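Heads up, run.cif below (mmCIF, C-alpha atoms):
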```
data_entry
loop_
_atom_site.label_atom_id
_atom_site.label_comp_id
_atom_site.auth_asym_id
_atom_site.auth_seq_id
_atom_site.Cartn_x
_atom_site.Cartn_y
_atom_site.Cartn_z
CA MET A 1086 -18.23 42.79 8.39
CA GLU A 1087 -21.51 44.23 7.20
CA GLN A 1088 -23.17 47.12 9.02
CA ARG A 1089 -26.27 45.07 9.79
CA ASN A 1090 -24.13 43.02 12.20
CA ASN A 1091 -24.24 44.58 15.66
CA VAL A 1092 -22.22 41.71 17.11
CA THR A 1093 -18.44 42.21 17.14
CA GLU A 1094 -17.72 39.43 19.63
CA PHE A 1095 -19.32 36.32 21.11
CA VAL A 1096 -19.45 35.07 24.69
CA LEU A 1097 -18.66 31.36 25.11
CA LEU A 1098 -20.32 29.62 28.05
CA GLY A 1099 -17.83 26.72 27.95
CA PHE A 1100 -18.38 23.57 30.00
CA THR A 1101 -19.20 24.82 33.47
CA GLN A 1102 -19.49 28.02 35.47
CA SER A 1103 -17.87 26.36 38.52
CA ILE A 1104 -14.39 27.78 39.24
CA GLN A 1105 -13.25 24.45 40.73
CA GLY A 1106 -14.62 22.55 37.74
CA GLN A 1107 -12.81 24.87 35.34
CA LYS A 1108 -9.50 24.29 37.16
CA ILE A 1109 -9.90 20.53 36.90
CA LEU A 1110 -10.82 20.73 33.22
CA PHE A 1111 -7.84 23.04 32.60
CA VAL A 1112 -5.42 20.39 33.89
CA VAL A 1113 -7.18 17.52 32.08
CA PHE A 1114 -7.35 19.23 28.68
CA LEU A 1115 -3.82 20.61 28.98
CA LEU A 1116 -2.47 17.09 29.53
CA ILE A 1117 -4.57 15.75 26.63
CA TYR A 1118 -3.29 18.50 24.33
CA ILE A 1119 0.35 17.87 25.29
CA VAL A 1120 -0.06 14.12 24.64
CA THR A 1121 -1.78 14.88 21.32
CA ILE A 1122 0.95 17.20 20.04
CA VAL A 1123 3.88 15.09 21.28
CA GLY A 1124 2.37 11.82 20.04
CA ASN A 1125 1.46 13.08 16.57
CA LEU A 1126 4.72 14.97 16.03
CA LEU A 1127 6.63 11.87 17.13
CA ILE A 1128 4.91 9.89 14.38
CA VAL A 1129 5.56 12.65 11.81
CA LEU A 1130 9.29 12.79 12.67
CA THR A 1131 9.57 8.99 12.66
CA VAL A 1132 7.97 8.74 9.20
CA VAL A 1133 10.14 11.56 7.81
CA PHE A 1134 13.48 10.30 9.13
CA SER A 1135 13.05 6.49 9.07
CA PRO A 1136 14.10 4.88 5.74
CA THR A 1137 12.16 1.69 6.61
CA LEU A 1138 8.87 3.63 6.52
CA ASP A 1139 9.29 4.90 2.97
CA THR A 1140 5.97 3.51 1.73
CA PRO A 1141 2.65 5.11 0.72
CA MET A 1142 0.90 3.85 3.87
CA TYR A 1143 3.32 5.69 6.15
CA PHE A 1144 3.38 8.71 3.85
CA PHE A 1145 -0.36 9.10 4.46
CA LEU A 1146 -0.04 8.19 8.14
CA GLY A 1147 2.51 10.98 8.61
CA TYR A 1148 0.13 13.52 7.08
CA LEU A 1149 -2.77 12.17 9.15
CA SER A 1150 -0.74 12.81 12.31
CA PHE A 1151 0.16 16.29 11.08
CA MET A 1152 -3.54 17.03 10.42
CA ASP A 1153 -4.48 15.71 13.85
CA ALA A 1154 -1.95 18.00 15.55
CA VAL A 1155 -3.15 21.09 13.67
CA TYR A 1156 -6.84 20.13 13.87
CA SER A 1157 -6.62 19.87 17.66
CA THR A 1158 -4.74 23.19 17.78
CA THR A 1159 -7.59 25.04 16.04
CA VAL A 1160 -9.79 24.65 19.15
CA THR A 1161 -7.96 23.23 22.16
CA PRO A 1162 -5.47 26.01 23.11
CA ASN A 1163 -8.16 28.69 23.04
CA MET A 1164 -10.49 26.49 25.06
CA ILE A 1165 -7.76 25.77 27.65
CA LEU A 1166 -7.00 29.48 28.06
CA ASP A 1167 -10.71 30.29 28.41
CA LEU A 1168 -10.88 27.96 31.42
CA LEU A 1169 -8.68 30.46 33.28
CA TYR A 1170 -11.20 33.29 32.88
CA GLU A 1171 -14.66 33.82 34.25
CA LYS A 1172 -15.85 35.52 31.04
CA LYS A 1173 -14.89 33.90 27.76
CA TYR A 1174 -14.92 36.20 24.73
CA ILE A 1175 -14.06 35.55 21.10
CA SER A 1176 -14.18 38.22 18.40
CA PHE A 1177 -16.36 37.79 15.34
CA GLN A 1178 -13.32 37.49 13.05
CA ALA A 1179 -11.56 35.01 15.38
CA CYS A 1180 -14.76 32.98 15.51
CA MET A 1181 -14.97 32.83 11.72
CA THR A 1182 -11.28 31.90 11.49
CA GLN A 1183 -11.71 29.11 14.01
CA LEU A 1184 -14.77 27.81 12.16
CA PHE A 1185 -12.95 27.81 8.83
CA THR A 1186 -9.74 26.13 10.04
CA GLU A 1187 -11.64 23.52 12.05
CA HIS A 1188 -13.68 22.44 9.02
CA LEU A 1189 -10.68 22.72 6.68
CA PHE A 1190 -8.56 20.24 8.64
CA GLY A 1191 -11.53 18.12 9.70
CA GLY A 1192 -12.74 17.80 6.10
CA ALA A 1193 -9.24 17.09 4.79
CA GLU A 1194 -8.75 14.41 7.46
CA ILE A 1195 -12.01 12.68 6.58
CA LEU A 1196 -10.97 12.50 2.92
CA LEU A 1197 -7.47 11.35 3.88
CA LEU A 1198 -9.02 8.42 5.76
CA VAL A 1199 -10.78 7.48 2.50
CA VAL A 1200 -7.44 7.69 0.66
CA MET A 1201 -5.81 5.48 3.30
CA ALA A 1202 -8.57 2.90 2.86
CA TYR A 1203 -7.94 2.90 -0.91
CA ASP A 1204 -4.21 2.47 -0.26
CA ARG A 1205 -4.90 -0.61 1.91
CA TYR A 1206 -7.28 -2.00 -0.72
CA VAL A 1207 -4.61 -1.78 -3.42
CA ALA A 1208 -1.90 -3.19 -1.13
CA ILE A 1209 -3.95 -6.23 -0.09
CA CYS A 1210 -6.11 -6.93 -3.15
CA LYS A 1211 -3.56 -5.99 -5.85
CA PRO A 1212 -0.17 -6.60 -4.19
CA LEU A 1213 1.76 -7.25 -7.42
CA HIS A 1214 0.71 -3.87 -8.85
CA TYR A 1215 0.81 -1.92 -5.59
CA LEU A 1216 3.97 0.12 -6.18
CA THR A 1217 2.95 0.80 -9.77
CA ILE A 1218 -0.53 2.04 -8.84
CA MET A 1219 0.46 3.89 -5.66
CA ASN A 1220 3.51 5.66 -7.05
CA GLN A 1221 4.76 8.94 -5.62
CA ARG A 1222 2.88 11.07 -8.14
CA VAL A 1223 -0.44 9.36 -7.35
CA CYS A 1224 0.15 9.67 -3.58
CA VAL A 1225 0.82 13.41 -3.84
CA LEU A 1226 -2.22 13.87 -6.10
CA LEU A 1227 -4.49 12.02 -3.65
CA LEU A 1228 -3.14 14.14 -0.79
CA LEU A 1229 -3.81 17.35 -2.73
CA LEU A 1230 -7.34 16.16 -3.48
CA ALA A 1231 -7.92 15.63 0.25
CA TRP A 1232 -6.71 19.18 0.98
CA ALA A 1233 -8.82 20.59 -1.86
CA GLY A 1234 -11.92 18.75 -0.62
CA GLY A 1235 -11.34 20.03 2.92
CA PHE A 1236 -10.96 23.59 1.62
CA LEU A 1237 -14.16 23.36 -0.44
CA HIS A 1238 -16.04 21.94 2.54
CA ALA A 1239 -14.79 24.74 4.83
CA ILE A 1240 -15.38 27.57 2.36
CA VAL A 1241 -19.02 26.51 1.83
CA ASN A 1242 -19.67 26.64 5.59
CA ILE A 1243 -17.91 29.96 6.16
CA LEU A 1244 -19.65 31.68 3.23
CA PHE A 1245 -23.07 30.79 4.61
CA VAL A 1246 -22.30 31.93 8.17
CA TYR A 1247 -20.17 35.01 7.46
CA ASN A 1248 -22.97 36.79 5.60
CA LEU A 1249 -25.64 36.13 8.21
CA PRO A 1250 -26.93 39.09 10.25
CA PHE A 1251 -26.05 38.89 13.96
CA CYS A 1252 -27.84 41.57 15.97
CA GLY A 1253 -27.90 39.92 19.40
CA PRO A 1254 -27.88 37.96 21.60
CA ASN A 1255 -24.24 36.91 21.30
CA ILE A 1256 -23.99 34.08 23.87
CA ILE A 1257 -22.83 30.70 22.49
CA ASP A 1258 -23.54 27.69 24.71
CA HIS A 1259 -20.37 25.95 23.57
CA PHE A 1260 -16.59 26.03 24.08
CA GLY A 1261 -15.92 27.08 20.48
CA CYS A 1262 -17.52 28.34 17.28
CA ASP A 1263 -19.51 25.79 15.31
CA MET A 1264 -22.24 25.85 12.71
CA TYR A 1265 -25.42 25.06 14.65
CA PRO A 1266 -24.75 27.39 17.64
CA LEU A 1267 -24.01 30.25 15.21
CA LEU A 1268 -27.12 29.58 13.12
CA LYS A 1269 -29.17 29.71 16.32
CA LEU A 1270 -27.96 33.30 16.99
CA ALA A 1271 -28.62 34.67 13.50
CA CYS A 1272 -31.38 37.30 13.19
CA THR A 1273 -32.99 35.62 10.19
CA ASP A 1274 -34.56 32.35 9.11
CA THR A 1275 -31.71 29.82 8.76
CA HIS A 1276 -33.81 26.74 7.91
CA ILE A 1277 -32.48 26.42 4.35
CA ILE A 1278 -28.89 27.06 5.43
CA GLY A 1279 -29.33 24.46 8.17
CA LEU A 1280 -30.36 21.86 5.60
CA THR A 1281 -27.29 22.80 3.54
CA VAL A 1282 -25.12 22.19 6.60
CA VAL A 1283 -26.74 18.79 7.05
CA ALA A 1284 -25.86 17.98 3.43
CA ASN A 1285 -22.36 19.46 3.55
CA ASP A 1286 -21.47 17.82 6.87
CA GLY A 1287 -23.86 15.05 7.83
CA VAL A 1288 -24.79 13.41 4.53
CA ILE A 1289 -21.20 13.49 3.28
CA CYS A 1290 -20.03 11.89 6.55
CA VAL A 1291 -22.62 9.10 6.22
CA VAL A 1292 -21.77 8.40 2.56
CA LEU A 1293 -18.02 8.33 3.19
CA PHE A 1294 -18.47 6.24 6.34
CA MET A 1295 -20.52 3.63 4.46
CA LEU A 1296 -17.97 3.70 1.62
CA LEU A 1297 -15.14 3.10 4.09
CA LEU A 1298 -16.94 0.24 5.84
CA THR A 1299 -17.69 -1.35 2.48
CA SER A 1300 -14.08 -1.03 1.31
CA TYR A 1301 -12.72 -2.57 4.51
CA GLY A 1302 -15.33 -5.32 4.20
CA VAL A 1303 -13.98 -6.12 0.72
CA ILE A 1304 -10.42 -6.06 2.06
CA LEU A 1305 -11.21 -8.40 4.95
CA HIS A 1306 -13.07 -10.77 2.61
CA SER A 1307 -10.05 -10.94 0.29
CA LEU A 1308 -7.75 -11.98 3.17
CA LYS A 1309 -8.91 -15.59 2.89
CA ASN A 1310 -6.49 -15.95 -0.06
CA VAL A 1311 -3.54 -14.49 1.87
CA CYS A 1312 -0.97 -16.48 3.88
CA GLN A 1313 -1.32 -16.56 7.66
CA GLU A 1314 1.50 -14.06 8.34
CA GLY A 1315 0.18 -11.67 5.69
CA ARG A 1316 -3.35 -12.06 7.05
CA ARG A 1317 -2.20 -11.26 10.59
CA LYS A 1318 -0.33 -8.14 9.46
CA ALA A 1319 -3.21 -6.96 7.26
CA LEU A 1320 -5.75 -7.50 10.05
CA SER A 1321 -3.61 -5.48 12.46
CA THR A 1322 -3.26 -2.58 10.01
CA CYS A 1323 -6.91 -2.59 8.95
CA GLY A 1324 -8.00 -2.93 12.57
CA SER A 1325 -6.15 0.29 13.40
CA HIS A 1326 -7.67 2.11 10.42
CA ILE A 1327 -11.21 0.91 11.18
CA THR A 1328 -10.87 1.98 14.82
CA VAL A 1329 -9.79 5.49 13.80
CA VAL A 1330 -12.58 5.72 11.21
CA VAL A 1331 -15.27 4.75 13.75
CA LEU A 1332 -13.92 7.13 16.43
CA PHE A 1333 -13.90 10.06 14.01
CA PHE A 1334 -17.03 9.46 11.93
CA VAL A 1335 -19.61 8.28 14.47
CA PRO A 1336 -19.57 11.46 16.64
CA CYS A 1337 -19.66 13.63 13.48
CA ILE A 1338 -22.64 11.70 12.14
CA ILE A 1339 -24.53 12.01 15.45
CA MET A 1340 -23.75 15.74 15.48
CA TYR A 1341 -24.76 16.67 11.94
CA VAL A 1342 -27.25 14.04 10.68
CA ARG A 1343 -30.29 15.56 12.34
CA HIS A 1344 -32.54 18.59 12.16
CA PRO A 1345 -30.32 21.68 12.63
CA SER A 1346 -30.43 22.40 16.36
CA THR A 1347 -28.23 22.58 19.44
CA LEU A 1348 -28.40 19.79 22.03
CA PRO A 1349 -26.66 19.31 25.42
CA ILE A 1350 -24.74 16.33 24.01
CA ASP A 1351 -23.10 18.50 21.33
CA LYS A 1352 -20.28 19.64 23.62
CA SER A 1353 -19.35 16.06 24.48
CA LEU A 1354 -19.42 15.03 20.83
CA ALA A 1355 -17.28 18.01 19.83
CA VAL A 1356 -14.78 17.20 22.59
CA PHE A 1357 -14.56 13.63 21.35
CA TYR A 1358 -13.91 14.23 17.64
CA SER A 1359 -11.85 17.43 17.97
CA ILE A 1360 -9.83 16.73 21.15
CA ILE A 1361 -9.96 13.07 22.21
CA THR A 1362 -9.71 11.39 18.78
CA PRO A 1363 -6.56 13.32 17.69
CA MET A 1364 -4.93 12.10 20.92
CA LEU A 1365 -6.01 8.48 20.44
CA ASN A 1366 -4.88 8.20 16.80
CA PRO A 1367 -1.10 8.10 17.49
CA LEU A 1368 -1.67 5.66 20.37
CA ILE A 1369 -3.74 3.36 18.16
CA TYR A 1370 -1.23 3.38 15.30
CA THR A 1371 1.87 2.91 17.47
CA LEU A 1372 0.43 0.28 19.82
CA ARG A 1373 -0.86 -1.90 16.97
CA ASN A 1374 1.96 -1.36 14.49
CA GLY A 1375 5.21 -3.30 14.99
CA GLU A 1376 6.97 -1.56 12.10
CA MET A 1377 6.26 1.85 13.60
CA GLN A 1378 7.49 0.77 17.03
CA ASN A 1379 10.72 -0.68 15.61
CA ALA A 1380 11.34 2.42 13.48
CA MET A 1381 10.87 4.66 16.53
CA LYS A 1382 13.31 2.58 18.60
CA LYS A 1383 15.95 2.60 15.84
CA LEU A 1384 15.53 6.30 15.16
CA TRP A 1385 15.76 7.44 18.75
CA ASN A 1386 18.55 4.97 19.61
CA ARG A 1387 20.51 6.31 16.64
CA ASN A 1388 19.95 9.87 17.83
CA ALA A 1389 20.98 8.93 21.35
CA ILE A 1390 24.23 7.40 20.08
CA SER A 1391 24.96 10.46 17.92
CA TYR A 1392 24.29 12.75 20.89
CA ASN A 1393 26.64 10.77 23.16
CA LYS A 1394 29.41 10.92 20.57
#
```
Can the structure from this file be put into structure tokens for me?
Amino acid sequence: MEQRNNVTEFVLLGFTQSIQGQKILFVVFLLIYIVTIVGNLLIVLTVVFSPTLDTPMYFFLGYLSFMDAVYSTTVTPNMILDLLYEKKYISFQACMTQLFTEHLFGGAEILLLVVMAYDRYVAICKPLHYLTIMNQRVCVLLLLLAWAGGFLHAIVNILFVYNLPFCGPNIIDHFGCDMYPLLKLACTDTHIIGLTVVANDGVICVVLFMLLLTSYGVILHSLKNVCQEGRRKALSTCGSHITVVVLFFVPCIIMYVRHPSTLPIDKSLAVFYSIITPMLNPLIYTLRNGEMQNAMKKLWNRNAISYNK
């Protein structure tokens, strides 16, 4: 850290200064985090150990659940622990680490959702060539591209913030470290950097969101040539994907497609896309996916039988 930075730690205001309110939020977010981790890891284990789910769609779904579990972990545990203390401190280095990992996994997940939309497009619009196009090598390459895109997105953000001078105050009106609250504390003009954040976060989200909606529109339009059973299955799968896309992208767009500033609604938006959405994803995919439900039943029944023996 450069000498011009007098700030070695930040104070997080969190959600409320009420002790009773913090206790209630502690229980609520702890339960949400437990459901998130258990639900997503259950999907990961089911995909890994179920031979019936050995397809590109479930390959990507398994990694999406893994990303959700880790993405939620970058913020939620620290936030839950902070609810036990009156003063909430985070060191400068821990703040930068949290910022980097949050945008790394968030960026990778956004790109993975694009990959999953492409996978569904090939499966529904080019079914005879699906296994040829979406072979194992292509799937791994697309996954690596998602990780690389997430890393590039995160490194751009962290490079801009890390070199800013922070000379006080050091109070962040948030439950974690994010771009706009940190830019607000910098002892320099951050207008240009703020516009870069809008481009790196907001504009990219809008472009990818429109691309995803367009691709799913094409997929749904092509279903008129598919048999009734195939149409029903495709609608169920695409319905799950579209739901997840909307839940993840809309709060991000509201957060970052605007003039760089901090608003009271930011905490609620951050809670939704970093805490609530990772919990809802496994519920959405399992409740709407018969194959996943059957694979889970077979897997855990098989384990139960093995354990009894």
* **All residues 7 Å or closer to range 1200-1203 of chain A, only C-alpha atoms, same chain fewer than 4 positions away omitted, as a list in words** => Met1142, Phe1145, Leu1196, Val1207, Leu1227, Leu1297 and Ser1300 of chain A
* Name the residues captured by the PyMOL selection byres ((chain A and resi 1341-1355) around 7) when it is applied to the shown file; answer as a list in words. => His1259, Tyr1265, Pro1266, Gly1279, Val1283, Asp1286, Gly1287, Val1288, Pro1336, Cys1337, Ile1338, Ile1339, Met1340, Val1356, Phe1357, Tyr1358 and Ser1359 of chain A
Keeping only C-alpha atoms, write those residues as a compact mmCIF listing (two decimals), in the coordinates of the input.
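Writing done, so here's out_5.txt:
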```txt
# COMPACT_ATOMS: atom_id res chain seq x y z
CA HIS A 1259 -20.37 25.95 23.57
CA TYR A 1265 -25.42 25.06 14.65
CA PRO A 1266 -24.75 27.39 17.64
CA GLY A 1279 -29.33 24.46 8.17
CA VAL A 1283 -26.74 18.79 7.05
CA ASP A 1286 -21.47 17.82 6.87
CA GLY A 1287 -23.86 15.05 7.83
CA VAL A 1288 -24.79 13.41 4.53
CA PRO A 1336 -19.57 11.46 16.64
CA CYS A 1337 -19.66 13.63 13.48
CA ILE A 1338 -22.64 11.70 12.14
CA ILE A 1339 -24.53 12.01 15.45
CA MET A 1340 -23.75 15.74 15.48
CA VAL A 1356 -14.78 17.20 22.59
CA PHE A 1357 -14.56 13.63 21.35
CA TYR A 1358 -13.91 14.23 17.64
CA SER A 1359 -11.85 17.43 17.97
```
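Taking CA of Asn1255 in chain A as the reference point, CA of Val1092 in chain A is found at 6.7 Å.
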What residues come out when you apply the PyMOL selection byres ((chain A and resi 1366-1369) around 9) to this file, written as an mmCIF file with C-alpha atoms, keeping the file's coordinate frame?
```cif
data_model
loop_
_atom_site.group_PDB
_atom_site.id
_atom_site.type_symbol
_atom_site.label_atom_id
_atom_site.label_comp_id
_atom_site.auth_asym_id
_atom_site.auth_seq_id
_atom_site.Cartn_x
_atom_site.Cartn_y
_atom_site.Cartn_z
ATOM 1 C CA THR A 1121 -1.780 14.880 21.320
ATOM 2 C CA GLY A 1124 2.370 11.820 20.040
ATOM 3 C CA ASN A 1125 1.460 13.080 16.570
ATOM 4 C CA LEU A 1127 6.630 11.870 17.130
ATOM 5 C CA ILE A 1128 4.910 9.890 14.380
ATOM 6 C CA LEU A 1149 -2.770 12.170 9.150
ATOM 7 C CA SER A 1150 -0.740 12.810 12.310
ATOM 8 C CA ASP A 1153 -4.480 15.710 13.850
ATOM 9 C CA SER A 1325 -6.150 0.290 13.400
ATOM 10 C CA HIS A 1326 -7.670 2.110 10.420
ATOM 11 C CA THR A 1328 -10.870 1.980 14.820
ATOM 12 C CA VAL A 1329 -9.790 5.490 13.800
ATOM 13 C CA ILE A 1361 -9.960 13.070 22.210
ATOM 14 C CA THR A 1362 -9.710 11.390 18.780
ATOM 15 C CA PRO A 1363 -6.560 13.320 17.690
ATOM 16 C CA MET A 1364 -4.930 12.100 20.920
ATOM 17 C CA LEU A 1365 -6.010 8.480 20.440
ATOM 18 C CA TYR A 1370 -1.230 3.380 15.300
ATOM 19 C CA THR A 1371 1.870 2.910 17.470
ATOM 20 C CA LEU A 1372 0.430 0.280 19.820
ATOM 21 C CA ARG A 1373 -0.860 -1.900 16.970
ATOM 22 C CA ASN A 1374 1.960 -1.360 14.490
#
```
* Asked: With distances taken over only C-alpha atoms, which of A:Arg1205, A:Asn1248, A:Arg1316, A:Pro1141 is nearest to Arg1222 in chain A?
  -> A:Pro1141
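Atom pair CA of Leu1189 in chain A / CA of Val1132 in chain A has a distance of 23.4 Å (rounded to one decimal).
The residue that comes closest to Ala1233 in chain A, out of A:Ile1195, A:Ile1256, A:Leu1130, A:Ile1117 and on the basis of only C-alpha atoms, is A:Ile1195.
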* If you apply the PyMOL selection byres ((chain A and resi 1272) around 8) to this file, what residues do you get, as a list in words? -> Leu1249, Pro1250, Phe1251, Cys1252, Gly1253, Leu1270, Ala1271, Thr1273 and Asp1274 of chain A
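For the residues A:Gly1302, A:Leu1384, A:Tyr1206, A:Tyr1174, ranking by smallest atom-to-atom distance to Met1219 in chain A using all atoms listed in the file places A:Tyr1206 first.
When CA of Gln1183 in chain A is paired with CA of Asp1263 in chain A, their separation reads 8.6 Å.
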* Asked: Which one of A:Phe1334, A:Glu1171, A:Glu1314, A:Gln1105 sits closest to Val1292 in chain A if you count only C-alpha atoms?
  -> A:Phe1334
* All residues 12 Å or closer to Ile1240 in chain A, all atoms listed in the file, same chain fewer than 5 positions away omitted, as a PyMOL selection string -> chain A and resi 1181-1182+1184-1190+1192+1233-1235+1245-1247+1282+1285
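For the set A:Thr1275, A:Gln1221, A:Ser1176, A:Thr1322, the residue with the smallest atom-to-atom gap to Phe1095 in chain A is A:Ser1176, counting all atoms listed in the file.
Comparing the minimum interatomic distances between Met1295 in chain A and each of A:Ile1327, A:Ala1154, A:Leu1213, A:Ala1239, counting only C-alpha atoms, we find that A:Ile1327 sits nearest.
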Write out as a PDB file with C-alpha atoms, in the frame of the given file each polymer residue whose atoms come within 12 Å of Val1133 in chain A, counting only C-alpha atoms; drop sequence neighbours fewer than 3 positions from it.
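Resulting contents of result27.pdb:
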```pdb
ATOM      1  CA  LEU A1126       4.720  14.970  16.030  1.00  0.00           C
ATOM      2  CA  LEU A1127       6.630  11.870  17.130  1.00  0.00           C
ATOM      3  CA  ILE A1128       4.910   9.890  14.380  1.00  0.00           C
ATOM      4  CA  VAL A1129       5.560  12.650  11.810  1.00  0.00           C
ATOM      5  CA  LEU A1130       9.290  12.790  12.670  1.00  0.00           C
ATOM      6  CA  PRO A1136      14.100   4.880   5.740  1.00  0.00           C
ATOM      7  CA  THR A1137      12.160   1.690   6.610  1.00  0.00           C
ATOM      8  CA  LEU A1138       8.870   3.630   6.520  1.00  0.00           C
ATOM      9  CA  ASP A1139       9.290   4.900   2.970  1.00  0.00           C
ATOM     10  CA  THR A1140       5.970   3.510   1.730  1.00  0.00           C
ATOM     11  CA  TYR A1143       3.320   5.690   6.150  1.00  0.00           C
ATOM     12  CA  PHE A1144       3.380   8.710   3.850  1.00  0.00           C
ATOM     13  CA  PHE A1145      -0.360   9.100   4.460  1.00  0.00           C
ATOM     14  CA  LEU A1146      -0.040   8.190   8.140  1.00  0.00           C
ATOM     15  CA  GLY A1147       2.510  10.980   8.610  1.00  0.00           C
ATOM     16  CA  TYR A1148       0.130  13.520   7.080  1.00  0.00           C
ATOM     17  CA  SER A1150      -0.740  12.810  12.310  1.00  0.00           C
ATOM     18  CA  PHE A1151       0.160  16.290  11.080  1.00  0.00           C
ATOM     19  CA  MET A1377       6.260   1.850  13.600  1.00  0.00           C
ATOM     20  CA  ALA A1380      11.340   2.420  13.480  1.00  0.00           C
ATOM     21  CA  MET A1381      10.870   4.660  16.530  1.00  0.00           C
ATOM     22  CA  LEU A1384      15.530   6.300  15.160  1.00  0.00           C
TER      23      LEU A1384
END
```
Residue completion, range 1341-1347 of chain A, all heavy atoms, as a PDB file, in the frame of the given file:
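The file below, part15.pdb, is the result:
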```pdb
ATOM      1  N   TYR A1341     -24.263  15.931  13.103  1.00  0.00           N
ATOM      2  CA  TYR A1341     -24.760  16.670  11.940  1.00  0.00           C
ATOM      3  C   TYR A1341     -25.897  15.994  11.170  1.00  0.00           C
ATOM      4  O   TYR A1341     -26.534  16.642  10.349  1.00  0.00           O
ATOM      5  CB  TYR A1341     -23.598  16.939  10.974  1.00  0.00           C
ATOM      6  CG  TYR A1341     -22.599  17.922  11.524  1.00  0.00           C
ATOM      7  CD1 TYR A1341     -21.335  17.515  11.926  1.00  0.00           C
ATOM      8  CD2 TYR A1341     -22.924  19.272  11.666  1.00  0.00           C
ATOM      9  CE1 TYR A1341     -20.409  18.424  12.441  1.00  0.00           C
ATOM     10  CE2 TYR A1341     -22.019  20.185  12.179  1.00  0.00           C
ATOM     11  CZ  TYR A1341     -20.763  19.752  12.562  1.00  0.00           C
ATOM     12  OH  TYR A1341     -19.856  20.650  13.086  1.00  0.00           O
ATOM     13  N   VAL A1342     -26.150  14.691  11.398  1.00  0.00           N
ATOM     14  CA  VAL A1342     -27.250  14.040  10.680  1.00  0.00           C
ATOM     15  C   VAL A1342     -28.515  14.135  11.534  1.00  0.00           C
ATOM     16  O   VAL A1342     -28.968  13.177  12.152  1.00  0.00           O
ATOM     17  CB  VAL A1342     -26.921  12.568  10.360  1.00  0.00           C
ATOM     18  CG1 VAL A1342     -28.063  11.934   9.563  1.00  0.00           C
ATOM     19  CG2 VAL A1342     -25.645  12.493   9.553  1.00  0.00           C
ATOM     20  N   ARG A1343     -29.058  15.308  11.596  1.00  0.00           N
ATOM     21  CA  ARG A1343     -30.290  15.560  12.340  1.00  0.00           C
ATOM     22  C   ARG A1343     -30.793  16.942  11.945  1.00  0.00           C
ATOM     23  O   ARG A1343     -30.106  17.705  11.259  1.00  0.00           O
ATOM     24  CB  ARG A1343     -30.045  15.490  13.841  1.00  0.00           C
ATOM     25  CG  ARG A1343     -29.135  16.582  14.374  1.00  0.00           C
ATOM     26  CD  ARG A1343     -29.156  16.614  15.901  1.00  0.00           C
ATOM     27  NE  ARG A1343     -28.615  17.847  16.416  1.00  0.00           N
ATOM     28  CZ  ARG A1343     -27.501  17.933  17.145  1.00  0.00           C
ATOM     29  NH1 ARG A1343     -26.814  16.838  17.418  1.00  0.00           N
ATOM     30  NH2 ARG A1343     -27.083  19.097  17.584  1.00  0.00           N
ATOM     31  N   HIS A1344     -32.004  17.250  12.407  1.00  0.00           N
ATOM     32  CA  HIS A1344     -32.540  18.590  12.160  1.00  0.00           C
ATOM     33  C   HIS A1344     -31.615  19.611  12.817  1.00  0.00           C
ATOM     34  O   HIS A1344     -31.199  19.439  13.974  1.00  0.00           O
ATOM     35  CB  HIS A1344     -33.948  18.696  12.757  1.00  0.00           C
ATOM     36  CG  HIS A1344     -34.594  20.009  12.481  1.00  0.00           C
ATOM     37  ND1 HIS A1344     -34.465  21.102  13.331  1.00  0.00           N
ATOM     38  CD2 HIS A1344     -35.370  20.437  11.443  1.00  0.00           C
ATOM     39  CE1 HIS A1344     -35.135  22.123  12.833  1.00  0.00           C
ATOM     40  NE2 HIS A1344     -35.695  21.749  11.691  1.00  0.00           N
ATOM     41  N   PRO A1345     -31.255  20.682  12.088  1.00  0.00           N
ATOM     42  CA  PRO A1345     -30.320  21.680  12.630  1.00  0.00           C
ATOM     43  C   PRO A1345     -30.796  22.249  13.965  1.00  0.00           C
ATOM     44  O   PRO A1345     -31.809  22.945  14.029  1.00  0.00           O
ATOM     45  CB  PRO A1345     -30.291  22.756  11.544  1.00  0.00           C
ATOM     46  CG  PRO A1345     -30.668  22.045  10.291  1.00  0.00           C
ATOM     47  CD  PRO A1345     -31.647  20.989  10.704  1.00  0.00           C
ATOM     48  N   SER A1346     -30.085  21.932  15.026  1.00  0.00           N
ATOM     49  CA  SER A1346     -30.430  22.400  16.360  1.00  0.00           C
ATOM     50  C   SER A1346     -29.243  22.170  17.279  1.00  0.00           C
ATOM     51  O   SER A1346     -28.299  21.463  16.925  1.00  0.00           O
ATOM     52  CB  SER A1346     -31.666  21.654  16.896  1.00  0.00           C
ATOM     53  OG  SER A1346     -31.395  20.263  16.967  1.00  0.00           O
ATOM     54  N   THR A1347     -29.278  22.790  18.445  1.00  0.00           N
ATOM     55  CA  THR A1347     -28.230  22.580  19.440  1.00  0.00           C
ATOM     56  C   THR A1347     -28.780  21.722  20.572  1.00  0.00           C
ATOM     57  O   THR A1347     -29.878  21.964  21.060  1.00  0.00           O
ATOM     58  CB  THR A1347     -27.729  23.919  20.016  1.00  0.00           C
ATOM     59  OG1 THR A1347     -28.831  24.637  20.560  1.00  0.00           O
ATOM     60  CG2 THR A1347     -27.068  24.746  18.920  1.00  0.00           C
TER      61      THR A1347
END
```
